[in-house]
Structures are given as structure tokens and as C-alpha cells.
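**Q** Below is the file model_14.pdb, which contains PDB, C-alpha atoms.
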MODEL        1
ATOM      1  CA  MET A  15      54.781 -14.039  78.244
ATOM      2  CA  GLY A  16      53.342 -10.944  79.927
ATOM      3  CA  ILE A  17      54.986  -7.576  79.737
ATOM      4  CA  ARG A  18      56.000  -7.645  83.394
ATOM      5  CA  SER A  19      57.738 -10.986  83.219
ATOM      6  CA  PHE A  20      59.357  -9.906  79.984
ATOM      7  CA  ILE A  21      60.725  -6.731  81.516
ATOM      8  CA  HIS A  22      61.823  -8.686  84.547
ATOM      9  CA  ARG A  23      63.765 -11.045  82.324
ATOM     10  CA  LEU A  24      65.488  -8.094  80.686
ATOM     11  CA  THR A  25      66.286  -6.354  83.905
ATOM     12  CA  ALA A  26      66.909  -9.125  86.438
ATOM     13  CA  PRO A  27      70.447  -8.896  87.801
ATOM     14  CA  SER A  28      72.944 -11.566  86.915
ATOM     15  CA  PRO A  29      74.193 -13.276  90.075
ATOM     16  CA  LEU A  30      77.806 -13.107  88.902
ATOM     17  CA  ARG A  31      78.060  -9.348  88.531
ATOM     18  CA  SER A  32      78.418  -6.847  91.283
ATOM     19  CA  ALA A  33      78.161  -3.079  91.593
ATOM     20  CA  PRO A  34      78.640  -0.900  94.666
ATOM     21  CA  ALA A  35      75.617  -1.349  96.932
ATOM     22  CA  GLY A  36      73.269   1.574  97.480
ATOM     23  CA  GLU A  37      70.561   3.548  95.728
ATOM     24  CA  TYR A  38      71.070   4.587  92.135
ATOM     25  CA  LYS A  39      69.494   7.371  90.130
ATOM     26  CA  LEU A  40      69.697   9.215  86.855
ATOM     27  CA  ALA A  41      69.631  13.017  86.949
ATOM     28  CA  LEU A  42      68.220  14.838  83.919
ATOM     29  CA  LEU A  43      69.272  18.467  83.598
ATOM     30  CA  VAL A  44      66.837  20.511  81.534
ATOM     31  CA  ASN A  45      68.032  23.734  79.884
ATOM     32  CA  HIS A  46      65.592  26.279  81.227
ATOM     33  CA  GLU A  47      66.617  29.187  78.984
ATOM     34  CA  LEU A  48      65.085  27.452  75.956
ATOM     35  CA  LYS A  49      61.546  27.642  77.428
ATOM     36  CA  MET A  50      60.584  24.304  75.882
ATOM     37  CA  GLY A  51      57.008  23.001  76.122
ATOM     38  CA  LYS A  52      56.073  19.892  78.105
ATOM     39  CA  GLY A  53      56.048  17.578  75.099
ATOM     40  CA  LYS A  54      59.388  18.825  73.836
ATOM     41  CA  ILE A  55      60.963  18.311  77.274
ATOM     42  CA  GLY A  56      59.461  14.815  77.466
ATOM     43  CA  ALA A  57      61.000  13.815  74.143
ATOM     44  CA  GLN A  58      64.393  15.322  75.030
ATOM     45  CA  THR A  59      64.577  13.614  78.436
ATOM     46  CA  GLY A  60      63.624  10.417  76.617
ATOM     47  CA  HIS A  61      66.591  10.873  74.263
ATOM     48  CA  ALA A  62      68.974  11.523  77.154
ATOM     49  CA  SER A  63      67.777   8.548  79.220
ATOM     50  CA  VAL A  64      67.913   6.087  76.352
ATOM     51  CA  LYS A  65      71.452   7.230  75.481
ATOM     52  CA  SER A  66      72.585   6.955  79.111
ATOM     53  CA  VAL A  67      71.156   3.479  79.475
ATOM     54  CA  LEU A  68      72.654   2.193  76.230
ATOM     55  CA  ASN A  69      76.080   3.658  77.044
ATOM     56  CA  LEU A  70      76.096   2.173  80.530
ATOM     57  CA  GLY A  71      74.954  -1.170  79.153
ATOM     58  CA  LYS A  72      78.202  -1.270  77.181
ATOM     59  CA  ASP A  73      80.548   0.341  79.710
ATOM     60  CA  ASP A  74      79.359  -1.017  83.032
ATOM     61  CA  PRO A  75      76.460  -3.501  82.836
ATOM     62  CA  SER A  76      76.533  -4.238  86.570
ATOM     63  CA  ARG A  77      75.804  -0.600  87.395
ATOM     64  CA  LEU A  78      73.041  -0.533  84.812
ATOM     65  CA  ASP A  79      71.498  -3.632  86.406
ATOM     66  CA  ALA A  80      71.719  -2.023  89.818
ATOM     67  CA  TRP A  81      69.752   0.967  88.530
ATOM     68  CA  LEU A  82      67.262  -1.054  86.464
ATOM     69  CA  THR A  83      66.391  -3.323  89.376
ATOM     70  CA  SER A  84      66.135  -0.587  91.985
ATOM     71  CA  GLY A  85      63.189   1.290  90.487
ATOM     72  CA  GLN A  86      65.003   3.193  87.711
ATOM     73  CA  ALA A  87      64.805   6.431  89.639
ATOM     74  CA  LYS A  88      64.943   9.539  87.465
ATOM     75  CA  ILE A  89      64.939  13.115  88.598
ATOM     76  CA  CYS A  90      64.412  16.182  86.399
ATOM     77  CA  LEU A  91      66.208  19.356  87.423
ATOM     78  CA  LYS A  92      66.123  22.908  86.152
ATOM     79  CA  VAL A  93      69.373  24.518  85.012
ATOM     80  CA  ASP A  94      69.598  28.175  83.926
ATOM     81  CA  ASP A  95      71.568  27.817  80.711
ATOM     82  CA  GLU A  96      73.880  25.775  78.509
ATOM     83  CA  ALA A  97      77.112  27.041  80.107
ATOM     84  CA  THR A  98      75.938  25.971  83.579
ATOM     85  CA  ILE A  99      74.957  22.535  82.278
ATOM     86  CA  LEU A 100      78.382  22.101  80.686
ATOM     87  CA  SER A 101      80.194  22.982  83.916
ATOM     88  CA  LEU A 102      78.045  20.462  85.866
ATOM     89  CA  ILE A 103      78.853  17.830  83.254
ATOM     90  CA  LYS A 104      82.545  18.591  83.707
ATOM     91  CA  SER A 105      82.288  18.014  87.483
ATOM     92  CA  ALA A 106      80.466  14.723  86.913
ATOM     93  CA  LYS A 107      83.114  13.554  84.470
ATOM     94  CA  SER A 108      85.891  14.426  86.914
ATOM     95  CA  MET A 109      84.183  12.138  89.457
ATOM     96  CA  GLY A 110      83.959   9.330  86.893
ATOM     97  CA  ILE A 111      80.166   9.509  86.619
ATOM     98  CA  PRO A 112      78.733   8.780  83.150
ATOM     99  CA  THR A 113      77.263  11.768  81.314
ATOM    100  CA  VAL A 114      75.286  12.378  78.150
ATOM    101  CA  ILE A 115      74.474  15.570  76.279
ATOM    102  CA  VAL A 116      71.529  15.950  73.914
ATOM    103  CA  ARG A 117      71.604  18.559  71.194
ATOM    104  CA  ASP A 118      68.438  19.041  69.215
ATOM    105  CA  ALA A 119      68.164  19.116  65.459
ATOM    106  CA  GLY A 120      65.826  22.053  66.011
ATOM    107  CA  ARG A 121      62.946  20.887  63.871
ATOM    108  CA  THR A 122      60.436  22.173  66.394
ATOM    109  CA  GLN A 123      60.269  24.957  68.968
ATOM    110  CA  ILE A 124      63.965  25.848  69.387
ATOM    111  CA  PRO A 125      67.086  26.891  67.413
ATOM    112  CA  SER A 126      68.975  24.000  65.854
ATOM    113  CA  ASN A 127      71.906  22.489  67.785
ATOM    114  CA  SER A 128      70.724  23.827  71.154
ATOM    115  CA  LEU A 129      71.745  21.799  74.185
ATOM    116  CA  THR A 130      68.334  20.720  75.473
ATOM    117  CA  VAL A 131      68.976  18.113  78.156
ATOM    118  CA  ALA A 132      71.997  16.502  79.782
ATOM    119  CA  ALA A 133      72.029  13.359  81.895
ATOM    120  CA  ILE A 134      74.276  12.474  84.835
ATOM    121  CA  GLY A 135      74.279   8.827  85.892
ATOM    122  CA  PRO A 136      72.879   6.297  86.504
ATOM    123  CA  ALA A 137      75.122   6.438  89.551
ATOM    124  CA  LEU A 138      74.905   6.291  93.326
ATOM    125  CA  VAL A 139      72.451   8.855  94.697
ATOM    126  CA  ASP A 140      75.065  10.284  97.091
ATOM    127  CA  ASP A 141      77.520  10.911  94.255
ATOM    128  CA  ILE A 142      74.924  12.578  92.033
ATOM    129  CA  ASP A 143      73.704  14.737  94.910
ATOM    130  CA  LYS A 144      77.217  16.124  95.373
ATOM    131  CA  ILE A 145      76.901  17.705  91.930
ATOM    132  CA  THR A 146      73.204  18.533  91.738
ATOM    133  CA  GLU A 147      71.937  19.163  95.273
ATOM    134  CA  HIS A 148      71.705  22.950  94.752
ATOM    135  CA  LEU A 149      69.463  22.602  91.678
ATOM    136  CA  LYS A 150      65.692  23.042  91.724
ATOM    137  CA  LEU A 151      63.256  20.338  90.661
ATOM    138  CA  LEU A 152      61.673  20.954  87.284
TER     139      LEU A 152
ATOM    140  CA  MET B   5      48.685  15.406  64.050
ATOM    141  CA  LEU B   6      52.228  14.108  63.905
ATOM    142  CA  LEU B   7      55.137  16.159  62.705
ATOM    143  CA  SER B   8      56.646  15.129  59.439
ATOM    144  CA  ASN B   9      60.337  14.499  58.932
ATOM    145  CA  ASP B  10      62.568  12.115  57.052
ATOM    146  CA  ALA B  11      62.977   9.381  59.704
ATOM    147  CA  SER B  12      61.500   6.006  58.786
ATOM    148  CA  HIS B  13      61.024   4.853  62.367
ATOM    149  CA  SER B  14      59.460   6.440  65.372
ATOM    150  CA  LEU B  15      58.678   5.917  69.052
ATOM    151  CA  ALA B  16      55.458   7.347  70.462
ATOM    152  CA  ILE B  17      55.141   8.350  74.092
ATOM    153  CA  ILE B  18      51.498   8.675  75.050
ATOM    154  CA  CYS B  19      50.552  10.482  78.231
ATOM    155  CA  ARG B  20      47.309  10.755  80.176
ATOM    156  CA  LYS B  21      45.625  14.087  79.762
ATOM    157  CA  ASP B  22      43.530  13.457  82.879
ATOM    158  CA  LEU B  23      46.560  13.557  85.215
ATOM    159  CA  SER B  24      47.956  16.936  86.074
ATOM    160  CA  LEU B  25      51.629  16.177  86.565
ATOM    161  CA  SER B  26      54.353  18.764  87.021
ATOM    162  CA  LYS B  27      56.709  19.302  84.091
ATOM    163  CA  GLY B  28      59.465  17.343  85.819
ATOM    164  CA  LYS B  29      57.248  14.398  86.743
ATOM    165  CA  PHE B  30      55.848  14.362  83.229
ATOM    166  CA  ALA B  31      59.343  14.361  81.701
ATOM    167  CA  SER B  32      60.500  11.512  83.981
ATOM    168  CA  GLN B  33      57.525   9.391  82.950
ATOM    169  CA  CYS B  34      58.296   9.998  79.269
ATOM    170  CA  ALA B  35      61.894   8.966  79.913
ATOM    171  CA  HIS B  36      60.765   5.753  81.655
ATOM    172  CA  ALA B  37      58.659   4.818  78.641
ATOM    173  CA  ALA B  38      61.442   5.567  76.171
ATOM    174  CA  VAL B  39      63.964   3.468  78.113
ATOM    175  CA  GLN B  40      61.571   0.513  78.488
ATOM    176  CA  CYS B  41      60.704   0.539  74.798
ATOM    177  CA  ALA B  42      64.346   0.821  73.752
ATOM    178  CA  LEU B  43      65.462  -2.079  75.977
ATOM    179  CA  HIS B  44      62.457  -4.175  75.069
ATOM    180  CA  SER B  45      62.872  -3.694  71.310
ATOM    181  CA  GLN B  46      66.634  -4.243  71.476
ATOM    182  CA  LYS B  47      65.792  -7.872  72.325
ATOM    183  CA  SER B  48      62.482  -8.526  70.614
ATOM    184  CA  ALA B  49      62.439  -6.255  67.548
ATOM    185  CA  LYS B  50      66.086  -5.794  66.713
ATOM    186  CA  SER B  51      65.639  -4.640  63.149
ATOM    187  CA  ASP B  52      63.148  -1.911  64.064
ATOM    188  CA  TYR B  53      65.350  -0.927  66.994
ATOM    189  CA  GLU B  54      68.433  -0.514  64.826
ATOM    190  CA  LYS B  55      66.627   1.394  62.098
ATOM    191  CA  TRP B  56      65.233   3.714  64.742
ATOM    192  CA  ARG B  57      68.628   4.298  66.389
ATOM    193  CA  ASN B  58      70.237   4.910  62.998
ATOM    194  CA  THR B  59      67.697   7.477  61.845
ATOM    195  CA  GLY B  60      67.859   9.842  64.781
ATOM    196  CA  SER B  61      65.725   7.967  67.376
ATOM    197  CA  ARG B  62      62.685  10.069  66.609
ATOM    198  CA  LYS B  63      60.228  10.463  69.479
ATOM    199  CA  VAL B  64      56.819  12.021  69.542
ATOM    200  CA  VAL B  65      54.875  12.900  72.689
ATOM    201  CA  LEU B  66      51.076  12.685  72.517
ATOM    202  CA  TYR B  67      48.077  12.920  74.806
ATOM    203  CA  ALA B  68      45.449  10.237  75.382
ATOM    204  CA  GLU B  69      42.298  11.032  77.354
ATOM    205  CA  ASP B  70      42.687   8.501  80.161
ATOM    206  CA  VAL B  71      44.068   5.149  81.288
ATOM    207  CA  ASP B  72      41.391   3.222  79.352
ATOM    208  CA  GLN B  73      42.601   4.741  76.111
ATOM    209  CA  LEU B  74      46.217   3.826  76.948
ATOM    210  CA  GLN B  75      45.204   0.217  77.520
ATOM    211  CA  GLU B  76      43.173   0.100  74.290
ATOM    212  CA  LEU B  77      46.165   1.447  72.370
ATOM    213  CA  GLN B  78      48.432  -1.132  73.949
ATOM    214  CA  GLN B  79      46.096  -3.938  72.901
ATOM    215  CA  LEU B  80      46.029  -2.641  69.333
ATOM    216  CA  ALA B  81      49.828  -2.456  69.330
ATOM    217  CA  GLU B  82      50.120  -6.036  70.587
ATOM    218  CA  GLN B  83      47.801  -7.232  67.814
ATOM    219  CA  LYS B  84      50.131  -5.578  65.304
ATOM    220  CA  ASN B  85      53.276  -6.909  66.986
ATOM    221  CA  ILE B  86      54.461  -3.440  67.887
ATOM    222  CA  VAL B  87      56.564  -3.159  71.043
ATOM    223  CA  SER B  88      54.798  -1.393  73.894
ATOM    224  CA  ALA B  89      55.467  -0.528  77.525
ATOM    225  CA  LEU B  90      52.971   0.719  80.082
ATOM    226  CA  VAL B  91      54.687   2.698  82.804
ATOM    227  CA  LYS B  92      53.466   2.243  86.355
ATOM    228  CA  ASP B  93      54.812   4.835  88.692
ATOM    229  CA  ALA B  94      56.533   3.847  91.925
ATOM    230  CA  GLY B  95      54.510   6.670  93.469
ATOM    231  CA  ARG B  96      57.255   8.229  95.531
ATOM    232  CA  THR B  97      56.103  11.713  94.531
ATOM    233  CA  GLU B  98      52.887  13.412  93.376
ATOM    234  CA  ILE B  99      50.752  10.332  92.608
ATOM    235  CA  PRO B 100      49.748   7.051  94.295
ATOM    236  CA  PRO B 101      51.984   3.978  93.784
ATOM    237  CA  GLY B 102      51.142   1.669  90.890
ATOM    238  CA  MET B 103      49.290   4.278  88.883
ATOM    239  CA  ILE B 104      49.644   3.931  85.111
ATOM    240  CA  THR B 105      51.039   7.188  83.761
ATOM    241  CA  VAL B 106      52.270   6.728  80.185
ATOM    242  CA  LEU B 107      52.455   4.231  77.337
ATOM    243  CA  GLY B 108      55.428   3.841  75.029
ATOM    244  CA  LEU B 109      54.749   2.467  71.532
ATOM    245  CA  GLY B 110      57.518   1.353  69.205
ATOM    246  CA  PRO B 111      60.041   1.898  67.853
ATOM    247  CA  ALA B 112      58.234   0.837  64.695
ATOM    248  CA  MET B 113      57.735   2.067  61.153
ATOM    249  CA  LYS B 114      56.573   5.654  61.301
ATOM    250  CA  THR B 115      53.561   4.779  59.180
ATOM    251  CA  GLN B 116      52.481   2.105  61.685
ATOM    252  CA  ILE B 117      52.903   4.494  64.611
ATOM    253  CA  ASP B 118      50.992   7.240  62.790
ATOM    254  CA  ASP B 119      48.256   4.743  62.039
ATOM    255  CA  LEU B 120      47.897   3.676  65.689
ATOM    256  CA  CYS B 121      48.073   7.209  67.021
ATOM    257  CA  SER B 122      45.913   9.020  64.512
ATOM    258  CA  GLY B 123      43.592  11.409  66.270
ATOM    259  CA  LEU B 124      45.795  11.880  69.324
ATOM    260  CA  GLU B 125      46.768  15.395  70.270
ATOM    261  CA  LEU B 126      50.432  16.451  70.156
ATOM    262  CA  VAL B 127      51.791  17.654  73.503
ATOM    263  CA  ARG B 128      53.266  21.102  73.014
TER     264      ARG B 128
ENDMDL
END
Output the file's structure in the form of C-alpha cells.
**A**
Amino acid sequence: MGIRSFIHRLTAPSPLRSAPAGEYKLALLVNHELKMGKGKIGAQTGHASVKSVLNLGKDDPSRLDAWLTSGQAKICLKVDDEATILSLIKSAKSMGIPTVIVRDAGRTQIPSNSLTVAAIGPALVDDIDKITEHLKLL
Amino acid sequence: MLLSNDASHSLAIICRKDLSLSKGKFASQCAHAAVQCALHSQKSAKSDYEKWRNTGSRKVVLYAEDVDQLQELQQLAEQKNIVSALVKDAGRTEIPPGMITVLGLGPAMKTQIDDLCSGLELVR
């Protein structure tokens, strides 16, 4: 089996499940005060996305399917510092949107236990935009 | 050069050095690869997947020269039964649709990943 058909088999929606119709995305909030390099940011956003996907797979598989089958949109946004990220996470939680926080062991580049990246979603684009629309793209 | 630590398993994210992507685009592509590899291995390489998740889900981000090198690495990984995922971008921003941007390799034993990726440059 080719990789594409394999991935399709993993991600094809089950006909019995349903999630609210619309476009879904995952927002990744990168802590800008840490001045991480490109590779470090890539690894941290990878951590956050994998965690988000695995959590949603357990909590709400229909929403995960909706995101997986609609292009798996991800958007990386710049946030000034840890406190701002935490307050955005609080707003997302109050709206019932899934969130994830990644703290780094600090083996490379940054102090240990720093909040590097947080994820909001996957959720409907309109809902995520309510929380993140003022943020700049990374 | 890979960084050393105590994790037994690792996931490599290999990016094209010949594309000049913004930081955000680059990070999204890395995240795509990590998610594909995690989902893929959860089904097809469960033992490696669980060992990886239980030892801190180590990830390493490396550069390859171009798309040819990504495809060569993927072939080598397939020969060794290591999970891989080539990411093709939807092309909504910055680059044309369908362009291959990154390759995810693993999770697999760190020694296998190091073996496949020897000579690749670490992305700082």
C-alpha cells in the first residue's frame, strides 16, 4: 500500500460520526521572548501538534476527523511572553476549545521548564479567530 | 550531528535547505510531519510509537539539501521498515500547491535514526 492510501485509510472520516460543519484549524502560539531558533521552534510545534491530535483522538474523534480530512490547517502565531500565552489558553478553555501547553526540558537553547509553545484547537476557524485574531503570524 | 540524550527513541524531521520558508511556515511543516508520523506509527509500529511517547517524544530537526535527498532518505527508511511521511503542502501560502516540504522519519530506535541521518546538518 502506498503512503497516500495508507494515510487516507487513517484519516478517512467514519460515516457514522458527525462534527459541526465548517473549516477547522489548529493554532500554535510560539513564545517569542525565548528567541528560539528555527529548528527549536519546529520541534516544539511538533510536540504541541502531536499532543493536541492525540488528546482530541481520545476526547472527540469526530472533530479530529473533521480537521484531518480538511487539510489539517495549522497556523503559527507570535506571542510576546508566557503570561500572555497563559491568558489566551484560559480564554480558549472557557470557550470549550481544546488546549495544550508544551514546557521544554531545556536541554538546548533555553532555560529548563520554559513554556515554549501552546496549541489551541483543532477547532472551528471562527472560534479560534475570536481568541487569536489580534496576533501576528510567526 | 545529533544531540545526545537518554531517550531510546527519536523522530527526525528533515527539511529542505533549498526552500526559504518563513519561521512560521517552517514550523507548521515540521508539525505536519510530526503528526503524520505519530498517527502512522500508532497503527503500524505500535511498539516503537509507545516507547517514543514514554521517553519524552524526542524530536530532532535537520536539513537536507533538496527534494531528491528527501526522497532518497524515504526510500532508505522504507527498506529498513522505518515509518516515514513526506509532507506535501496545500500551497495556500508562500509556496505552490503540492510541493514537498519536509520528511518525517520514525519514531524509531535512536540508533537507527542517527544511522539514516548521519551527515545531515542540525537546524539551529
**Q** What separation in Å, quoted to one decimal, exists between atom CA of Gly110 of chain A and atom CA of Lys144 of chain A?
**A**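 Between atom CA of Gly110 of chain A and atom CA of Lys144 of chain A the gap works out to 12.8 Å.
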**Q** Within 10 Å of Asp22 of chain B, counting all atoms listed in the file, which residues show up once you throw out same-chain ones fewer than 3 positions away? Write them as a list in words, please.
**A**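 Close residues of Asp22 of chain B: Cys19, Leu25, Tyr67, Ala68, Glu69, Asp70, Val71 and Thr105 of chain B.
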**Q** How close does chain B get to chain A? List, as a Markdown table, each residue of chain B within 7 Å, its nearest atom pair and the distance in Å to one decimal, counting only C-alpha atoms.
**A**
| residue | atom | partner | partner_atom | distance |
| --- | --- | --- | --- | --- |
| B:Lys27 | CA | A:Lys52 | CA | 6.0 |
| B:Gly28 | CA | A:Leu152 | CA | 4.5 |
| B:Phe30 | CA | A:Gly56 | CA | 6.8 |
| B:Ala31 | CA | A:Gly56 | CA | 4.3 |
| B:Ser32 | CA | A:Lys88 | CA | 6.0 |
| B:Cys34 | CA | A:Gly56 | CA | 5.3 |
| B:Ala35 | CA | A:Gly60 | CA | 4.0 |
| B:Ala38 | CA | A:Gly60 | CA | 5.3 |
| B:Val39 | CA | A:Val64 | CA | 5.1 |
| B:Ala42 | CA | A:Val64 | CA | 6.9 |
| B:Lys63 | CA | A:Ala57 | CA | 5.8 |
| B:Val64 | CA | A:Ala57 | CA | 6.5 |
| B:Val65 | CA | A:Gly53 | CA | 5.4 |
| B:Val127 | CA | A:Gly53 | CA | 4.5 |
| B:Arg128 | CA | A:Gly53 | CA | 5.0 |
**Q** Mind listing as a ChimeraX atom specification all residues within 12 Å of (55.9, 6.1, 72.4), counting all atoms listed in the file?
**A** /A:53,56-57,60-61 /B:13-19,33-42,61-68,74,77-78,81,86-91,106-112,114,116-118,120-121,126
**Q** So that I have them on file, write out the residues from the current selection with C-alpha atoms, as a JSON list (two decimals), keeping the file's coordinate frame.
**A**
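Now in again_23.json:
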[["chain", "number", "residue", "atom", "x", "y", "z"],
["A", 53, "GLY", "CA", 56.05, 17.58, 75.10],
["A", 56, "GLY", "CA", 59.46, 14.82, 77.47],
["A", 57, "ALA", "CA", 61.00, 13.82, 74.14],
["A", 60, "GLY", "CA", 63.62, 10.42, 76.62],
["A", 61, "HIS", "CA", 66.59, 10.87, 74.26],
["B", 13, "HIS", "CA", 61.02, 4.85, 62.37],
["B", 14, "SER", "CA", 59.46, 6.44, 65.37],
["B", 15, "LEU", "CA", 58.68, 5.92, 69.05],
["B", 16, "ALA", "CA", 55.46, 7.35, 70.46],
["B", 17, "ILE", "CA", 55.14, 8.35, 74.09],
["B", 18, "ILE", "CA", 51.50, 8.68, 75.05],
["B", 19, "CYS", "CA", 50.55, 10.48, 78.23],
["B", 33, "GLN", "CA", 57.52, 9.39, 82.95],
["B", 34, "CYS", "CA", 58.30, 10.00, 79.27],
["B", 35, "ALA", "CA", 61.89, 8.97, 79.91],
["B", 36, "HIS", "CA", 60.76, 5.75, 81.66],
["B", 37, "ALA", "CA", 58.66, 4.82, 78.64],
["B", 38, "ALA", "CA", 61.44, 5.57, 76.17],
["B", 39, "VAL", "CA", 63.96, 3.47, 78.11],
["B", 40, "GLN", "CA", 61.57, 0.51, 78.49],
["B", 41, "CYS", "CA", 60.70, 0.54, 74.80],
["B", 42, "ALA", "CA", 64.35, 0.82, 73.75],
["B", 61, "SER", "CA", 65.72, 7.97, 67.38],
["B", 62, "ARG", "CA", 62.68, 10.07, 66.61],
["B", 63, "LYS", "CA", 60.23, 10.46, 69.48],
["B", 64, "VAL", "CA", 56.82, 12.02, 69.54],
["B", 65, "VAL", "CA", 54.88, 12.90, 72.69],
["B", 66, "LEU", "CA", 51.08, 12.68, 72.52],
["B", 67, "TYR", "CA", 48.08, 12.92, 74.81],
["B", 68, "ALA", "CA", 45.45, 10.24, 75.38],
["B", 74, "LEU", "CA", 46.22, 3.83, 76.95],
["B", 77, "LEU", "CA", 46.16, 1.45, 72.37],
["B", 78, "GLN", "CA", 48.43, -1.13, 73.95],
["B", 81, "ALA", "CA", 49.83, -2.46, 69.33],
["B", 86, "ILE", "CA", 54.46, -3.44, 67.89],
["B", 87, "VAL", "CA", 56.56, -3.16, 71.04],
["B", 88, "SER", "CA", 54.80, -1.39, 73.89],
["B", 89, "ALA", "CA", 55.47, -0.53, 77.53],
["B", 90, "LEU", "CA", 52.97, 0.72, 80.08],
["B", 91, "VAL", "CA", 54.69, 2.70, 82.80],
["B", 106, "VAL", "CA", 52.27, 6.73, 80.18],
["B", 107, "LEU", "CA", 52.46, 4.23, 77.34],
["B", 108, "GLY", "CA", 55.43, 3.84, 75.03],
["B", 109, "LEU", "CA", 54.75, 2.47, 71.53],
["B", 110, "GLY", "CA", 57.52, 1.35, 69.20],
["B", 111, "PRO", "CA", 60.04, 1.90, 67.85],
["B", 112, "ALA", "CA", 58.23, 0.84, 64.69],
["B", 114, "LYS", "CA", 56.57, 5.65, 61.30],
["B", 116, "GLN", "CA", 52.48, 2.10, 61.68],
["B", 117, "ILE", "CA", 52.90, 4.49, 64.61],
["B", 118, "ASP", "CA", 50.99, 7.24, 62.79],
["B", 120, "LEU", "CA", 47.90, 3.68, 65.69],
["B", 121, "CYS", "CA", 48.07, 7.21, 67.02],
["B", 126, "LEU", "CA", 50.43, 16.45, 70.16]]
**Q** Using only C-alpha atoms for the distances, tell me which of A:His148, A:Lys107, A:Asp143, A:Asp94 is nearest to Asn45 of chain A.
**A**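 Closest candidate: A:Asp94.
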**Q** Expand the PyMOL selection byres ((chain A and resi 33) around 9) into the individual residues it matches in the shown file, reporting them as a list in words.
**A** Arg31, Ser32, Pro34, Ala35, Gly36, Asp74, Pro75, Ser76, Arg77, Leu78, Asp79 and Ala80 of chain A
**Q** Just the selected residues (C-alpha atoms), exported as a PDB file, in the frame of the given file, please.
**A**
ATOM      1  CA  ARG A  31      78.060  -9.348  88.531  1.00  0.00           C
ATOM      2  CA  SER A  32      78.418  -6.847  91.283  1.00  0.00           C
ATOM      3  CA  PRO A  34      78.640  -0.900  94.666  1.00  0.00           C
ATOM      4  CA  ALA A  35      75.617  -1.349  96.932  1.00  0.00           C
ATOM      5  CA  GLY A  36      73.269   1.574  97.480  1.00  0.00           C
ATOM      6  CA  ASP A  74      79.359  -1.017  83.032  1.00  0.00           C
ATOM      7  CA  PRO A  75      76.460  -3.501  82.836  1.00  0.00           C
ATOM      8  CA  SER A  76      76.533  -4.238  86.570  1.00  0.00           C
ATOM      9  CA  ARG A  77      75.804  -0.600  87.395  1.00  0.00           C
ATOM     10  CA  LEU A  78      73.041  -0.533  84.812  1.00  0.00           C
ATOM     11  CA  ASP A  79      71.498  -3.632  86.406  1.00  0.00           C
ATOM     12  CA  ALA A  80      71.719  -2.023  89.818  1.00  0.00           C
TER      13      ALA A  80
END
**Q** One decimal, Å: what's the distance from atom CA of Ala133 of chain A over to atom CA of Pro112 of chain A, could you say?
**A**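 If I compute the distance from atom CA of Ala133 of chain A to atom CA of Pro112 of chain A, I get 8.2 Å.
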**Q** Record the distance separating atom CA of His46 of chain A and atom CA of Ser26 of chain B, expressed in Å with one decimal.
**A** 14.7 Å
**Q** At a cut-off of 12 Å, using all atoms listed in the file, what residues contact Leu100 of chain A? Leave out same-chain residues fewer than 6 positions from it and give the result as an mmCIF file with C-alpha atoms, in the coordinates of the input.
**A**
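Below you can see part22.cif, which holds the result:
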data_model
loop_
_atom_site.group_PDB
_atom_site.id
_atom_site.type_symbol
_atom_site.label_atom_id
_atom_site.label_comp_id
_atom_site.auth_asym_id
_atom_site.auth_seq_id
_atom_site.Cartn_x
_atom_site.Cartn_y
_atom_site.Cartn_z
ATOM 1 C CA LEU A 43 69.272 18.467 83.598
ATOM 2 C CA VAL A 44 66.837 20.511 81.534
ATOM 3 C CA ASN A 45 68.032 23.734 79.884
ATOM 4 C CA VAL A 93 69.373 24.518 85.012
ATOM 5 C CA ASP A 94 69.598 28.175 83.926
ATOM 6 C CA ALA A 106 80.466 14.723 86.913
ATOM 7 C CA LYS A 107 83.114 13.554 84.470
ATOM 8 C CA THR A 113 77.263 11.768 81.314
ATOM 9 C CA VAL A 114 75.286 12.378 78.150
ATOM 10 C CA ILE A 115 74.474 15.570 76.279
ATOM 11 C CA VAL A 116 71.529 15.950 73.914
ATOM 12 C CA LEU A 129 71.745 21.799 74.185
ATOM 13 C CA THR A 130 68.334 20.720 75.473
ATOM 14 C CA VAL A 131 68.976 18.113 78.156
ATOM 15 C CA ALA A 132 71.997 16.502 79.782
ATOM 16 C CA ALA A 133 72.029 13.359 81.895
ATOM 17 C CA ILE A 134 74.276 12.474 84.835
#
**Q** First collect every listed atom of segment 98-115 of chain B; then fit an axis-aligned box around them, widen it by 4 Å on each side, and give centre and edge lengths in Å to one decimal, as lines of an AutoDock Vina configuration file.
**A**
center_x = 54.7
center_y = 7.1
center_z = 76.7
size_x = 18.8
size_y = 20.6
size_z = 43.1
**Q** Since the input lacks some atoms of segment 113-123 of chain A, please model N, CA and C atoms and print them as a PDB file, keeping the file's coordinate frame.
**A**
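Generated file (rebuild.pdb):
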ATOM      1  N   THR A 113      78.075  10.614  81.705  1.00  0.00           N
ATOM      2  CA  THR A 113      77.263  11.768  81.314  1.00  0.00           C
ATOM      3  C   THR A 113      76.855  11.648  79.846  1.00  0.00           C
ATOM      4  N   VAL A 114      75.782  12.343  79.522  1.00  0.00           N
ATOM      5  CA  VAL A 114      75.286  12.378  78.150  1.00  0.00           C
ATOM      6  C   VAL A 114      74.773  13.787  77.881  1.00  0.00           C
ATOM      7  N   ILE A 115      75.006  14.266  76.666  1.00  0.00           N
ATOM      8  CA  ILE A 115      74.474  15.570  76.279  1.00  0.00           C
ATOM      9  C   ILE A 115      73.576  15.386  75.068  1.00  0.00           C
ATOM     10  N   VAL A 116      72.411  16.024  75.076  1.00  0.00           N
ATOM     11  CA  VAL A 116      71.529  15.950  73.914  1.00  0.00           C
ATOM     12  C   VAL A 116      71.463  17.319  73.258  1.00  0.00           C
ATOM     13  N   ARG A 117      71.795  17.338  71.981  1.00  0.00           N
ATOM     14  CA  ARG A 117      71.604  18.559  71.194  1.00  0.00           C
ATOM     15  C   ARG A 117      70.504  18.299  70.193  1.00  0.00           C
ATOM     16  N   ASP A 118      69.620  19.268  70.037  1.00  0.00           N
ATOM     17  CA  ASP A 118      68.438  19.041  69.215  1.00  0.00           C
ATOM     18  C   ASP A 118      68.660  19.502  67.791  1.00  0.00           C
ATOM     19  N   ALA A 119      68.081  18.748  66.872  1.00  0.00           N
ATOM     20  CA  ALA A 119      68.164  19.116  65.459  1.00  0.00           C
ATOM     21  C   ALA A 119      67.363  20.394  65.191  1.00  0.00           C
ATOM     22  N   GLY A 120      66.515  20.773  66.128  1.00  0.00           N
ATOM     23  CA  GLY A 120      65.826  22.053  66.011  1.00  0.00           C
ATOM     24  C   GLY A 120      64.696  22.066  65.006  1.00  0.00           C
ATOM     25  N   ARG A 121      64.064  20.913  64.820  1.00  0.00           N
ATOM     26  CA  ARG A 121      62.946  20.887  63.871  1.00  0.00           C
ATOM     27  C   ARG A 121      61.731  21.603  64.447  1.00  0.00           C
ATOM     28  N   THR A 122      61.606  21.539  65.781  1.00  0.00           N
ATOM     29  CA  THR A 122      60.436  22.173  66.394  1.00  0.00           C
ATOM     30  C   THR A 122      60.850  23.006  67.595  1.00  0.00           C
ATOM     31  N   GLN A 123      60.202  24.100  67.767  1.00  0.00           N
ATOM     32  CA  GLN A 123      60.269  24.957  68.968  1.00  0.00           C
ATOM     33  C   GLN A 123      61.552  25.745  69.215  1.00  0.00           C
TER      34      GLN A 123
END
